[in-house]
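Q: One structure coming up, written as structure tokens, with questions to follow.
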Amino acid sequence: MVSIESRYTTHDLSDRELISRIRNGEDLCFDDLFARYRDKLFFYLRHLVGNKEEAEDLLQNVFVKAYEKFSTFDARRAFSSWIYRIAHNEAVNHLKRKNRKTFLSWEDIVSSKDQLESSSKERSPHDEWIRKEVRREVKVAMERLPEKYREVLVLRFYLDHSYDEIAAIIEKPMNTVGTLLSRAKSRLLREVSRMA
């Protein structure tokens with residue numbers, strides 16, 4: 001006989017509640033927990049490494065490592081920051097191994113965000129041309145920024161992470177995050193202005 005409790009979906013549970021169930025032996029809750037972060041982590045990794053297939057491979061690595069290290073997770077902290085930190089480390093290690101200079105494609109980020117926020121809005125051909133020019137300029141400008149600036153811009157403005165979350169992901173104090181973001185925006189604006 002199926003109990004009423006087991007019938008209701010785990011979608012209604014918070015991360016903390018899912019983690020508690022996992023620690024009480026309900027291993028299937030891992031799938032639910034990871035499913036919550038799959039798309040966002042893929043978006044993050046894709047823009048860090050610039051390649052869909054590599055991002056998919058890295059995402060699998062992230063989930064394997066999260067599963068293996070789950071016993072070390074401090075449940076008093078945010079699970080999202082912890083798993084993003086694992087993703088960050090996987091991406092950085094991957095890029096070091098490949099010795100790549102390209103960290104992410106700003107054009108892809110802007111396009112993805114635009115599609116999510118305004119796919120239903122119609123634009124004139126002129127507006128679309130201006131938008132494409134801006135994307136091109138921002139992409140070129142982003143490629144000129146140091147990796148540390150590109151990453152915080154993505155985390156803050158395109159993945160909407162809080163300063164606390166970014167600090168946990170990049171393992172820097174919160175005031176350092178503010179400084180990095182301020183410098184990143186200034187540098188980006190300066191680079192775009194040079195192309196005007």
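Labeling convention for the structure tokens: chains A, B, ... as they appear, residues from 1 per chain, ligands from 1 in order of appearance.
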List the neighbours of Leu155 in chain A out to 8 Å using only C-alpha atoms; skip same-chain residues closer than 4 positions along the sequence, and give me the result as a compact mmCIF listing (two decimals) with all heavy atoms, in the first residue's frame.

A:
```
# COMPACT_ATOMS: atom_id res chain seq x y z
N TYR A 44 25.50 27.85 -17.21
CA TYR A 44 26.73 28.40 -16.62
C TYR A 44 27.97 27.76 -17.25
O TYR A 44 28.88 28.45 -17.71
CB TYR A 44 26.68 28.13 -15.11
CG TYR A 44 27.88 28.54 -14.32
CD1 TYR A 44 28.29 29.86 -14.28
CD2 TYR A 44 28.60 27.59 -13.58
CE1 TYR A 44 29.40 30.23 -13.52
CE2 TYR A 44 29.70 27.97 -12.82
CZ TYR A 44 30.08 29.29 -12.80
OH TYR A 44 31.17 29.66 -12.05
N GLU A 151 33.65 36.08 -15.52
CA GLU A 151 32.87 35.15 -14.71
C GLU A 151 31.89 35.88 -13.78
O GLU A 151 30.72 35.51 -13.69
CB GLU A 151 33.76 34.23 -13.89
CG GLU A 151 32.94 33.23 -13.10
CD GLU A 151 33.77 32.22 -12.36
OE1 GLU A 151 34.94 32.51 -12.03
OE2 GLU A 151 33.24 31.13 -12.10
N LEU A 159 22.92 35.11 -14.51
CA LEU A 159 22.40 34.00 -13.70
C LEU A 159 21.76 34.50 -12.42
O LEU A 159 21.24 33.72 -11.63
CB LEU A 159 23.52 33.01 -13.39
CG LEU A 159 24.04 32.25 -14.62
CD1 LEU A 159 25.26 31.42 -14.26
CD2 LEU A 159 22.97 31.37 -15.22
N ASP A 160 21.79 35.83 -12.22
CA ASP A 160 21.10 36.48 -11.10
C ASP A 160 21.50 35.96 -9.72
O ASP A 160 20.68 35.85 -8.81
CB ASP A 160 19.57 36.36 -11.26
CG ASP A 160 19.08 37.06 -12.51
OD1 ASP A 160 19.58 38.16 -12.80
OD2 ASP A 160 18.22 36.50 -13.22
N HIS A 161 22.77 35.62 -9.56
CA HIS A 161 23.24 35.20 -8.24
C HIS A 161 23.46 36.42 -7.35
O HIS A 161 23.83 37.49 -7.81
CB HIS A 161 24.55 34.43 -8.36
CG HIS A 161 24.37 33.03 -8.82
ND1 HIS A 161 23.80 32.04 -8.05
CD2 HIS A 161 24.67 32.43 -9.99
CE1 HIS A 161 23.76 30.92 -8.71
NE2 HIS A 161 24.27 31.12 -9.91
N ILE A 166 27.84 34.43 -5.16
CA ILE A 166 29.04 34.58 -5.99
C ILE A 166 30.29 34.40 -5.13
O ILE A 166 31.25 33.74 -5.52
CB ILE A 166 29.06 35.93 -6.71
CG1 ILE A 166 27.88 36.03 -7.68
CG2 ILE A 166 30.38 36.14 -7.47
CD1 ILE A 166 27.68 37.41 -8.27
```

Q: Of the candidates A:Leu58, A:Leu18, A:Ala167, A:Ala91, which one gets nearest to Ala75 in chain A if we count only C-alpha atoms?

A: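 Result for the nearest residue to Ala75 in chain A: A:Leu18.
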
Q: Just the alpha helix (DSSP H) stuff from range 16-94 of chain A, please, per backbone DSSP, written as JSON, numbers by chain.

A: {"A": [16, 17, 18, 19, 20, 21, 22, 23, 29, 30, 31, 32, 33, 34, 35, 36, 37, 38, 39, 40, 41, 42, 43, 44, 45, 46, 47, 48, 49, 52, 53, 54, 55, 56, 57, 58, 59, 60, 61, 62, 63, 64, 65, 66, 67, 68, 79, 80, 81, 82, 83, 84, 85, 86, 87, 88, 89, 90, 91, 92, 93, 94]}

Q: Next, dump the selected residues to file, keeping only C-alpha atoms, as a tab-separated table (two decimals), in the first residue's frame.

A:
```
chain	number	residue	atom	x	y	z
A	16	ARG	CA	17.01	21.41	2.79
A	17	GLU	CA	14.07	19.01	2.98
A	18	LEU	CA	15.37	16.99	0.02
A	19	ILE	CA	18.84	16.87	1.58
A	20	SER	CA	17.33	15.65	4.84
A	21	ARG	CA	15.51	12.86	2.99
A	22	ILE	CA	18.68	11.88	1.13
A	23	ARG	CA	20.53	11.65	4.43
A	29	CYS	CA	15.76	12.36	-3.98
A	30	PHE	CA	19.20	12.95	-5.53
A	31	ASP	CA	17.54	12.95	-8.95
A	32	ASP	CA	15.05	15.59	-7.85
A	33	LEU	CA	17.73	17.75	-6.28
A	34	PHE	CA	20.00	17.61	-9.32
A	35	ALA	CA	17.08	18.18	-11.71
A	36	ARG	CA	16.50	21.57	-10.06
A	37	TYR	CA	19.97	22.73	-11.01
A	38	ARG	CA	20.58	20.90	-14.31
A	39	ASP	CA	19.53	23.67	-16.72
A	40	LYS	CA	21.13	26.55	-14.83
A	41	LEU	CA	24.37	24.66	-14.33
A	42	PHE	CA	24.44	23.71	-17.99
A	43	PHE	CA	23.91	27.38	-18.95
A	44	TYR	CA	26.73	28.40	-16.62
A	45	LEU	CA	29.15	25.73	-17.85
A	46	ARG	CA	28.29	26.31	-21.51
A	47	HIS	CA	29.24	29.94	-21.22
A	48	LEU	CA	32.38	29.22	-19.26
A	49	VAL	CA	33.76	26.67	-21.71
A	52	LYS	CA	27.83	22.54	-25.76
A	53	GLU	CA	29.30	19.02	-25.80
A	54	GLU	CA	32.06	19.89	-23.33
A	55	ALA	CA	29.50	21.56	-21.05
A	56	GLU	CA	27.36	18.39	-21.11
A	57	ASP	CA	30.38	16.28	-20.16
A	58	LEU	CA	31.32	18.68	-17.39
A	59	LEU	CA	27.75	18.71	-16.09
A	60	GLN	CA	27.91	14.93	-15.69
A	61	ASN	CA	31.21	15.32	-13.83
A	62	VAL	CA	29.66	17.92	-11.54
A	63	PHE	CA	26.79	15.61	-10.59
A	64	VAL	CA	29.13	12.65	-10.04
A	65	LYS	CA	31.41	14.73	-7.80
A	66	ALA	CA	28.44	16.21	-5.93
A	67	TYR	CA	27.14	12.69	-5.30
A	68	GLU	CA	30.55	11.43	-4.17
A	79	PHE	CA	23.21	23.78	-1.61
A	80	SER	CA	23.13	26.06	-4.68
A	81	SER	CA	26.41	27.76	-3.73
A	82	TRP	CA	28.03	24.40	-3.03
A	83	ILE	CA	27.09	22.82	-6.35
A	84	TYR	CA	27.98	25.97	-8.32
A	85	ARG	CA	31.37	25.88	-6.63
A	86	ILE	CA	31.89	22.32	-7.88
A	87	ALA	CA	30.84	23.44	-11.39
A	88	HIS	CA	33.21	26.40	-11.21
A	89	ASN	CA	36.12	24.13	-10.27
A	90	GLU	CA	35.30	21.64	-13.01
A	91	ALA	CA	35.18	24.39	-15.64
A	92	VAL	CA	38.38	26.08	-14.49
A	93	ASN	CA	40.26	22.77	-14.41
A	94	HIS	CA	38.93	21.88	-17.85
```

Q: Between A:Ala168, A:Leu153, A:Met174, A:Val192, which has the minimum distance to Arg136 in chain A (counting only C-alpha atoms)?

A: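 Of A:Ala168, A:Leu153, A:Met174, A:Val192, the one nearest Arg136 in chain A, counting only C-alpha atoms, is A:Val192.
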
Q: Do you have the CA of Glu191 in chain A-CA of Ala141 in chain A distance handy?

A: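 Computing it gives 5.2 Å between the two atoms.
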
Q: Using only C-alpha atoms, which of A:Val154, A:Leu181, A:Ile170, A:Leu188 sits nearest Met142 in chain A?

A: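 Checking each candidate against Met142 in chain A, we get A:Leu188 as the closest.
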
Q: Measure the distance from CA of Glu26 in chain A to CA of Ser14 in chain A in Å and round it to one decimal.

A: 14.9 Å

Q: Let me make sure I understand: among A:Ala78, A:Leu145, A:Ala184, A:Leu189, which one has the smallest atom-to-atom distance to Ser162 in chain A if we use only C-alpha atoms?

A: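 For Ser162 in chain A, the nearest of the candidates is A:Ala78.
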
Q: Which residue, A:Arg144, A:Lys96, A:Arg156, A:Lys172, has the smallest gap to Arg187 in chain A when you use only C-alpha atoms?

A: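 Comparing A:Arg144, A:Lys96, A:Arg156, A:Lys172 against Arg187 in chain A, the winner is A:Arg144.
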